[in-house]
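The file model-v1.cif contains mmCIF, C-alpha atoms:
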data_final
loop_
_atom_site.label_atom_id
_atom_site.label_comp_id
_atom_site.auth_asym_id
_atom_site.auth_seq_id
_atom_site.Cartn_x
_atom_site.Cartn_y
_atom_site.Cartn_z
CA MET A 69 129.79 -47.50 -16.49
CA LEU A 70 129.07 -44.30 -18.39
CA VAL A 71 129.84 -41.06 -16.55
CA LEU A 72 129.17 -37.42 -17.36
CA ALA A 73 132.01 -35.23 -16.09
CA VAL A 74 131.83 -31.43 -15.82
CA ASP A 75 133.99 -28.71 -14.31
CA THR A 76 133.78 -24.92 -14.26
CA ALA A 77 136.20 -24.19 -11.41
CA THR A 78 138.80 -22.66 -13.74
CA PRO A 79 138.49 -20.38 -16.78
CA ALA A 80 137.91 -23.58 -18.79
CA VAL A 81 134.38 -24.86 -19.35
CA THR A 82 134.85 -28.63 -19.35
CA ALA A 83 132.45 -31.45 -20.17
CA GLY A 84 132.91 -35.04 -21.26
CA VAL A 85 131.40 -38.49 -21.44
CA VAL A 86 133.74 -41.03 -19.86
CA ARG A 87 133.71 -44.83 -19.86
CA LEU A 88 134.77 -46.42 -16.56
CA ASP A 89 134.95 -50.20 -16.45
CA GLY A 90 137.60 -50.90 -13.84
CA ASP A 91 140.54 -49.77 -15.94
CA ALA A 92 141.70 -46.19 -16.39
CA PRO A 93 138.81 -43.87 -17.29
CA ARG A 94 138.51 -43.34 -21.04
CA ALA A 95 136.92 -40.19 -22.47
CA LEU A 96 134.56 -41.04 -25.33
CA ALA A 97 133.98 -37.36 -26.09
CA HIS A 98 135.00 -34.09 -24.52
CA ARG A 99 134.65 -30.35 -25.01
CA ILE A 100 136.82 -27.71 -23.36
CA THR A 101 136.39 -23.98 -23.97
CA VAL A 102 138.69 -21.55 -22.17
CA ASN A 103 136.52 -18.51 -21.49
CA PRO A 104 135.89 -17.36 -17.91
CA ARG A 105 132.74 -15.49 -19.01
CA ALA A 106 131.12 -18.33 -20.95
CA HIS A 107 130.43 -20.99 -18.32
CA ALA A 108 126.66 -20.58 -18.31
CA GLU A 109 126.38 -20.21 -22.09
CA VAL A 110 128.41 -23.17 -23.30
CA LEU A 111 128.33 -25.88 -20.61
CA THR A 112 124.99 -27.46 -21.49
CA PRO A 113 125.68 -27.32 -25.26
CA HIS A 114 129.03 -28.97 -24.53
CA ILE A 115 127.30 -31.76 -22.62
CA LEU A 116 124.77 -32.37 -25.38
CA ALA A 117 127.52 -32.36 -28.02
CA CYS A 118 129.54 -34.91 -26.03
CA LEU A 119 126.53 -37.19 -25.66
CA ALA A 120 125.83 -36.99 -29.37
CA GLU A 121 129.46 -37.61 -30.33
CA SER A 122 129.69 -40.62 -28.00
CA GLY A 123 126.52 -42.11 -29.46
CA HIS A 124 124.65 -42.00 -26.16
CA GLY A 125 121.65 -40.23 -24.70
CA PRO A 126 121.13 -38.85 -21.20
CA ALA A 127 119.29 -42.00 -20.17
CA ASP A 128 122.45 -44.04 -20.79
CA LEU A 129 124.39 -42.21 -18.07
CA ASP A 130 125.08 -44.04 -14.82
CA ALA A 131 126.57 -41.18 -12.78
CA VAL A 132 127.76 -37.58 -12.84
CA VAL A 133 131.10 -36.29 -11.56
CA VAL A 134 131.46 -32.57 -11.03
CA GLY A 135 134.41 -30.46 -9.94
CA VAL A 136 133.59 -28.57 -6.74
CA GLY A 137 136.55 -26.24 -6.82
CA PRO A 138 138.25 -24.41 -5.41
CA GLY A 139 137.14 -21.73 -7.80
CA PRO A 140 135.45 -18.34 -8.13
CA PHE A 141 131.85 -18.21 -6.92
CA THR A 142 130.09 -17.36 -10.18
CA GLY A 143 131.78 -19.86 -12.47
CA LEU A 144 131.91 -22.69 -9.95
CA ARG A 145 128.21 -22.70 -9.18
CA VAL A 146 127.33 -23.10 -12.89
CA GLY A 147 129.01 -26.49 -13.14
CA MET A 148 127.72 -27.71 -9.80
CA ALA A 149 124.15 -26.64 -10.49
CA THR A 150 124.23 -28.20 -13.95
CA GLY A 151 125.69 -31.48 -12.69
CA ALA A 152 123.16 -31.62 -9.87
CA ALA A 153 120.30 -30.92 -12.29
CA PHE A 154 121.34 -33.77 -14.61
CA GLY A 155 121.65 -36.14 -11.66
CA ASP A 156 118.27 -35.16 -10.26
CA ALA A 157 116.50 -35.38 -13.62
CA LEU A 158 117.99 -38.80 -14.41
CA GLY A 159 117.90 -40.23 -10.89
CA ILE A 160 121.63 -41.00 -10.88
CA PRO A 161 124.32 -40.21 -8.28
CA VAL A 162 126.36 -37.01 -8.47
CA HIS A 163 129.88 -37.15 -7.04
CA GLY A 164 131.79 -33.97 -6.24
CA VAL A 165 135.58 -33.98 -6.49
CA CYS A 166 138.27 -31.39 -5.83
CA SER A 167 139.18 -29.85 -9.18
CA LEU A 168 142.85 -29.63 -8.16
CA ASP A 169 142.82 -33.39 -7.53
CA ALA A 170 141.67 -33.91 -11.13
CA ILE A 171 144.56 -31.82 -12.45
CA ALA A 172 146.91 -33.85 -10.25
CA ALA A 173 145.48 -37.11 -11.61
CA ASP A 174 146.17 -35.95 -15.17
CA ALA A 175 149.63 -34.67 -14.25
CA ALA A 176 150.54 -38.00 -12.64
CA ALA A 177 150.21 -39.65 -16.05
CA GLU A 178 153.03 -37.38 -17.23
CA ASP A 179 155.23 -37.16 -14.12
CA GLN A 180 155.06 -39.16 -10.88
CA ARG A 181 157.17 -36.76 -8.81
CA ASP A 182 155.93 -34.69 -5.86
CA LEU A 183 153.56 -32.13 -7.31
CA LEU A 184 152.24 -28.63 -6.61
CA VAL A 185 148.99 -27.68 -8.39
CA VAL A 186 148.04 -24.01 -8.71
CA THR A 187 145.06 -22.28 -10.37
CA ASP A 188 143.98 -18.68 -10.69
CA ALA A 189 142.16 -17.38 -7.59
CA ARG A 190 142.13 -13.77 -8.87
CA ARG A 191 143.04 -10.91 -6.51
CA ARG A 192 146.69 -11.82 -7.29
CA GLU A 193 146.28 -15.11 -5.43
CA VAL A 194 146.31 -18.81 -6.32
CA TYR A 195 144.36 -21.83 -5.23
CA TRP A 196 146.79 -24.64 -4.50
CA ALA A 197 147.30 -28.15 -3.20
CA ARG A 198 150.31 -30.39 -2.79
CA TYR A 199 150.58 -34.08 -3.76
CA GLN A 200 152.97 -36.91 -2.95
CA GLY A 201 152.67 -40.30 -4.59
CA GLY A 202 149.47 -39.15 -6.25
CA ARG A 203 147.83 -38.36 -2.88
CA ARG A 204 146.92 -34.89 -1.66
CA VAL A 205 148.95 -34.09 1.44
CA GLU A 206 148.30 -30.36 1.81
CA GLY A 207 145.52 -27.99 0.76
CA PRO A 208 143.40 -26.96 -0.93
CA ALA A 209 144.07 -23.41 0.18
CA VAL A 210 144.38 -19.90 -1.23
CA ASN A 211 147.45 -17.68 -0.92
CA ARG A 212 149.53 -15.09 -2.69
CA PRO A 213 152.20 -16.82 -4.79
CA VAL A 214 154.94 -15.04 -2.86
CA ASP A 215 153.66 -16.65 0.35
CA LEU A 216 153.57 -20.18 -1.10
CA GLU A 217 156.81 -22.14 -0.73
CA PRO A 218 157.38 -24.42 -3.77
CA GLN A 219 159.32 -27.09 -1.84
CA PRO A 220 159.06 -29.92 -1.03
CA SER A 221 157.27 -30.23 -4.39
CA VAL A 222 159.58 -30.77 -7.35
CA VAL A 223 157.16 -30.12 -10.25
CA VAL A 224 154.16 -27.82 -10.71
CA ALA A 225 150.98 -28.04 -12.80
CA GLY A 226 147.88 -25.93 -13.33
CA SER A 227 147.39 -22.44 -14.70
CA ALA A 228 150.35 -21.85 -16.99
CA VAL A 229 150.73 -18.17 -16.06
CA HIS A 230 150.74 -18.96 -12.35
CA ALA A 231 152.82 -22.13 -12.57
CA GLU A 232 155.61 -20.06 -14.09
CA LEU A 233 155.80 -18.02 -10.89
CA PHE A 234 157.40 -20.97 -9.11
CA ASP A 235 160.94 -22.14 -9.66
CA LEU A 236 159.89 -25.69 -10.63
CA PRO A 237 159.62 -27.69 -13.85
CA VAL A 238 156.10 -27.39 -15.26
CA VAL A 239 153.89 -30.35 -16.11
CA ALA A 240 151.69 -29.11 -18.96
CA VAL A 241 148.28 -29.87 -17.45
CA ALA A 242 146.39 -26.60 -16.98
CA THR A 243 142.78 -27.60 -16.28
CA PRO A 244 140.82 -30.67 -15.14
CA SER A 245 140.00 -33.14 -17.91
CA PRO A 246 136.85 -35.29 -17.90
CA ALA A 247 138.95 -38.44 -17.47
CA GLY A 248 140.88 -36.82 -14.61
CA LEU A 249 137.66 -35.88 -12.83
CA VAL A 250 136.35 -39.42 -13.11
CA ALA A 251 139.68 -40.90 -12.00
CA VAL A 252 139.36 -39.04 -8.68
CA ALA A 253 135.91 -40.51 -8.08
CA ALA A 254 136.62 -43.92 -9.64
CA ALA A 255 136.84 -45.92 -6.41
CA ALA A 256 133.55 -44.52 -5.11
CA LEU A 257 131.86 -45.02 -8.47
CA MET A 258 132.95 -48.64 -8.84
CA ALA A 259 131.96 -49.42 -5.24
CA ALA A 260 128.57 -47.73 -5.72
CA VAL A 261 129.21 -45.56 -2.67
CA ASP A 262 126.46 -43.04 -1.96
CA PRO A 263 127.93 -39.61 -2.74
CA GLU A 264 128.25 -36.89 -0.14
CA PRO A 265 126.21 -33.70 -0.66
CA LEU A 266 127.85 -31.29 -3.08
CA VAL A 267 129.74 -28.61 -1.17
CA PRO A 268 131.57 -25.90 -3.15
CA LEU A 269 135.16 -25.12 -2.21
CA TYR A 270 135.08 -21.34 -2.34
CA LEU A 271 137.80 -20.97 0.35
CA ARG A 272 136.77 -17.32 0.81
CA ARG A 273 133.70 -15.14 0.58
CA PRO A 274 132.40 -14.33 -2.93
CA ASP A 275 133.17 -10.94 -4.47
CA ALA A 276 129.45 -10.17 -4.71
CA VAL A 277 127.89 -9.42 -1.30
CA GLU A 278 124.47 -8.35 -0.08
CA MET A 279 123.96 -4.60 0.43
CA ALA A 280 123.48 -5.17 4.17
CA ASP A 281 126.90 -6.84 4.34
CA ARG A 282 128.55 -3.90 2.58
CA LYS A 283 127.36 -1.55 5.32
CA LYS A 284 128.98 -3.59 8.12
#

What would you get if you wrote out this structure as structure tokens?
Amino acid sequence: MLVLAVDTATPAVTAGVVRLDGDAPRALAHRITVNPRAHAEVLTPHILACLAESGHGPADLDAVVVGVGPGPFTGLRVGMATGAAFGDALGIPVHGVCSLDAIAADAAAEDQRDLLVVTDARRREVYWARYQGGRRVEGPAVNRPVDLEPQPSVVVAGSAVHAELFDLPVVAVATPSPAGLVAVAAAALMAAVDPEPLVPLYLRRPDAVEMADRKK
């Protein structure tokens, strides 16, 4: 099975073509650009470059996996809209996965201990989720770092700047990888489960509001 994986829930613009055949997902090609202002400009070129590098065309894809956050409104919707457009154009399923789960999947390859994943939520806050045995047991949620208790987690992954705010050893996985995204959806993909509608995990209202809302 050939899967296109994309994520724009963090400052990284991530795309990749991933082979999934029952074993661990294997990225055939990937592109990651860390630039919070470049999601719309570079995501589609990244996808096309990954297809070319992998030796495949869009028609060879069997599914799309897209990170649905949590993440800032503007960046997050770019990845979701692009993933949905590819799925619609090709007539293939589009699976949404929690972007923090994808980071946790990558981190588990490095360290199996109880894990806290944090990413930048701006406004001096972090998006976070907690994992035990590779399974999410708390979150996703958004809080100020000072209000987030590190324990019972024993390691932390995610945004390097924010991970350092917690008194835990850091697993050096900062953003979702294409293989990590596909790993989260692997069971559903292999079982040919119909995907749920894509629902973004904003966790709070976007910074941009209608003028009528500003007057309330």

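Here atom CA of A:Leu184 is placed at a distance of 29.0 Å from atom CA of A:Thr150.
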
**OP:** With the file shown as input, list the residues that the PyMOL selection byres ((chain A and resi 250) around 12) selects, as a PyMOL selection string.
**Re:** chain A and resi 69-75+83-95+131-135+162-167+169-171+173-174+244-249+251-258

Exercise for review: Mind giving me the straight-line distance from atom CA of A:Gly159 to atom CA of A:Asp262 in Å, one decimal?
Suggested key: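 Going from atom CA of A:Gly159 over to atom CA of A:Asp262, I get 12.7 Å.
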
Checklist entry - A:Arg192: which residues within 12 Å, counting all atoms listed in the file, same-chain residues fewer than 3 positions away excluded, as a list of chain:residue names? => result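 Surrounding residues, per the criterion: A:Thr187, A:Asp188, A:Ala189, A:Tyr195, A:Val210, A:Asn211, A:Arg212, A:Pro213, A:Val214, A:Asp215, A:Val229, A:His230, A:Leu233.
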
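Candidate residues A:Glu121, A:Val136, A:Val146, A:Leu96 were compared for distance to A:Val81, and the nearest is A:Val146, using all atoms listed in the file.
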
**Message:** At a cut-off of 12 Å around the point (155.4, -25.2, -13.8) (file coordinates), what residues fall inside when counting all atoms listed in the file? I'd like the answer as a ChimeraX atom specification.
**Reply:** /A:175,179,183-187,218,221-242

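Residues selected in this file by the PyMOL selection byres ((chain A and resi 101) around 12) comprise Val74, Asp75, Thr76, Thr78, Pro79, Ala80, Val81, Thr82, Ala83, Gly84, His98, Arg99, Ile100, Val102, Asn103, Pro104, Arg105, Ala106, His107, Ala108, Glu109, Val110, Leu111, Pro113, His114, Thr243, Pro244 and Ser245 of chain A.
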
Can you find the residues with an atom no farther than 10 Å from (127.9, -26.5, -0.2), counting only C-alpha atoms, and report them as a PyMOL selection string?
chain A and resi 136+145+148+265-270

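Of the listed residues (A:Glu217, A:Leu129, A:Glu206, A:Ser122), A:Leu129 comes nearest to A:Pro161; the distances count all atoms listed in the file.
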
What separates atom CA of A:Arg203 and atom CA of A:Pro220 is a distance of 14.2 Å

- Of the candidates A:Ala197, A:Ala209, A:Ala176, A:Ala152, which one gets nearest to A:Arg272 if we count only C-alpha atoms?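 Under the stated criterion, the closest residue is A:Ala209.
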
Restricting to only C-alpha atoms, whichever of A:Phe141, A:Val194, A:Asp130, A:Gly202 is closest to A:Gly155 is A:Asp130

| Using all atoms listed in the file: which of A:Ala127, A:Gly147, A:Pro140, A:Gly207 has the shortest distance to A:Arg190 |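 With all atoms listed in the file as the atom set, the closest residue is A:Pro140.
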
For stretch 239-254 of chain A, where the input has fewer atoms than it should, I would like N, CA and C atoms rebuilt and written as a compact mmCIF listing (two decimals), in the coordinates of the input.
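The file below, selection.txt, is the result:
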# COMPACT_ATOMS: atom_id res chain seq x y z
N VAL A 239 154.61 -29.29 -15.42
CA VAL A 239 153.89 -30.35 -16.11
C VAL A 239 152.72 -29.70 -16.83
N ALA A 240 152.63 -29.88 -18.15
CA ALA A 240 151.69 -29.11 -18.96
C ALA A 240 150.27 -29.65 -18.86
N VAL A 241 149.69 -29.54 -17.68
CA VAL A 241 148.28 -29.87 -17.45
C VAL A 241 147.69 -28.64 -16.77
N ALA A 242 146.85 -27.90 -17.48
CA ALA A 242 146.39 -26.60 -16.98
C ALA A 242 145.03 -26.66 -16.31
N THR A 243 144.16 -27.55 -16.77
CA THR A 243 142.78 -27.60 -16.28
C THR A 243 142.35 -29.05 -16.09
N PRO A 244 141.29 -29.29 -15.32
CA PRO A 244 140.82 -30.67 -15.14
C PRO A 244 140.28 -31.23 -16.46
N SER A 245 140.59 -32.47 -16.75
CA SER A 245 140.00 -33.14 -17.91
C SER A 245 138.84 -34.01 -17.42
N PRO A 246 137.91 -34.38 -18.31
CA PRO A 246 136.85 -35.29 -17.90
C PRO A 246 137.37 -36.60 -17.33
N ALA A 247 138.40 -37.18 -17.97
CA ALA A 247 138.95 -38.44 -17.47
C ALA A 247 139.60 -38.24 -16.10
N GLY A 248 140.27 -37.10 -15.90
CA GLY A 248 140.88 -36.82 -14.61
C GLY A 248 139.85 -36.68 -13.51
N LEU A 249 138.74 -36.02 -13.80
CA LEU A 249 137.66 -35.88 -12.83
C LEU A 249 137.11 -37.25 -12.42
N VAL A 250 136.88 -38.10 -13.40
CA VAL A 250 136.35 -39.42 -13.11
C VAL A 250 137.36 -40.28 -12.37
N ALA A 251 138.65 -40.12 -12.69
CA ALA A 251 139.68 -40.90 -12.00
C ALA A 251 139.66 -40.64 -10.50
N VAL A 252 139.40 -39.38 -10.11
CA VAL A 252 139.36 -39.04 -8.68
C VAL A 252 138.21 -39.75 -7.98
N ALA A 253 137.10 -39.90 -8.68
CA ALA A 253 135.91 -40.51 -8.08
C ALA A 253 135.78 -41.99 -8.41
N ALA A 254 136.76 -42.57 -9.10
CA ALA A 254 136.62 -43.92 -9.64
C ALA A 254 136.33 -44.96 -8.57
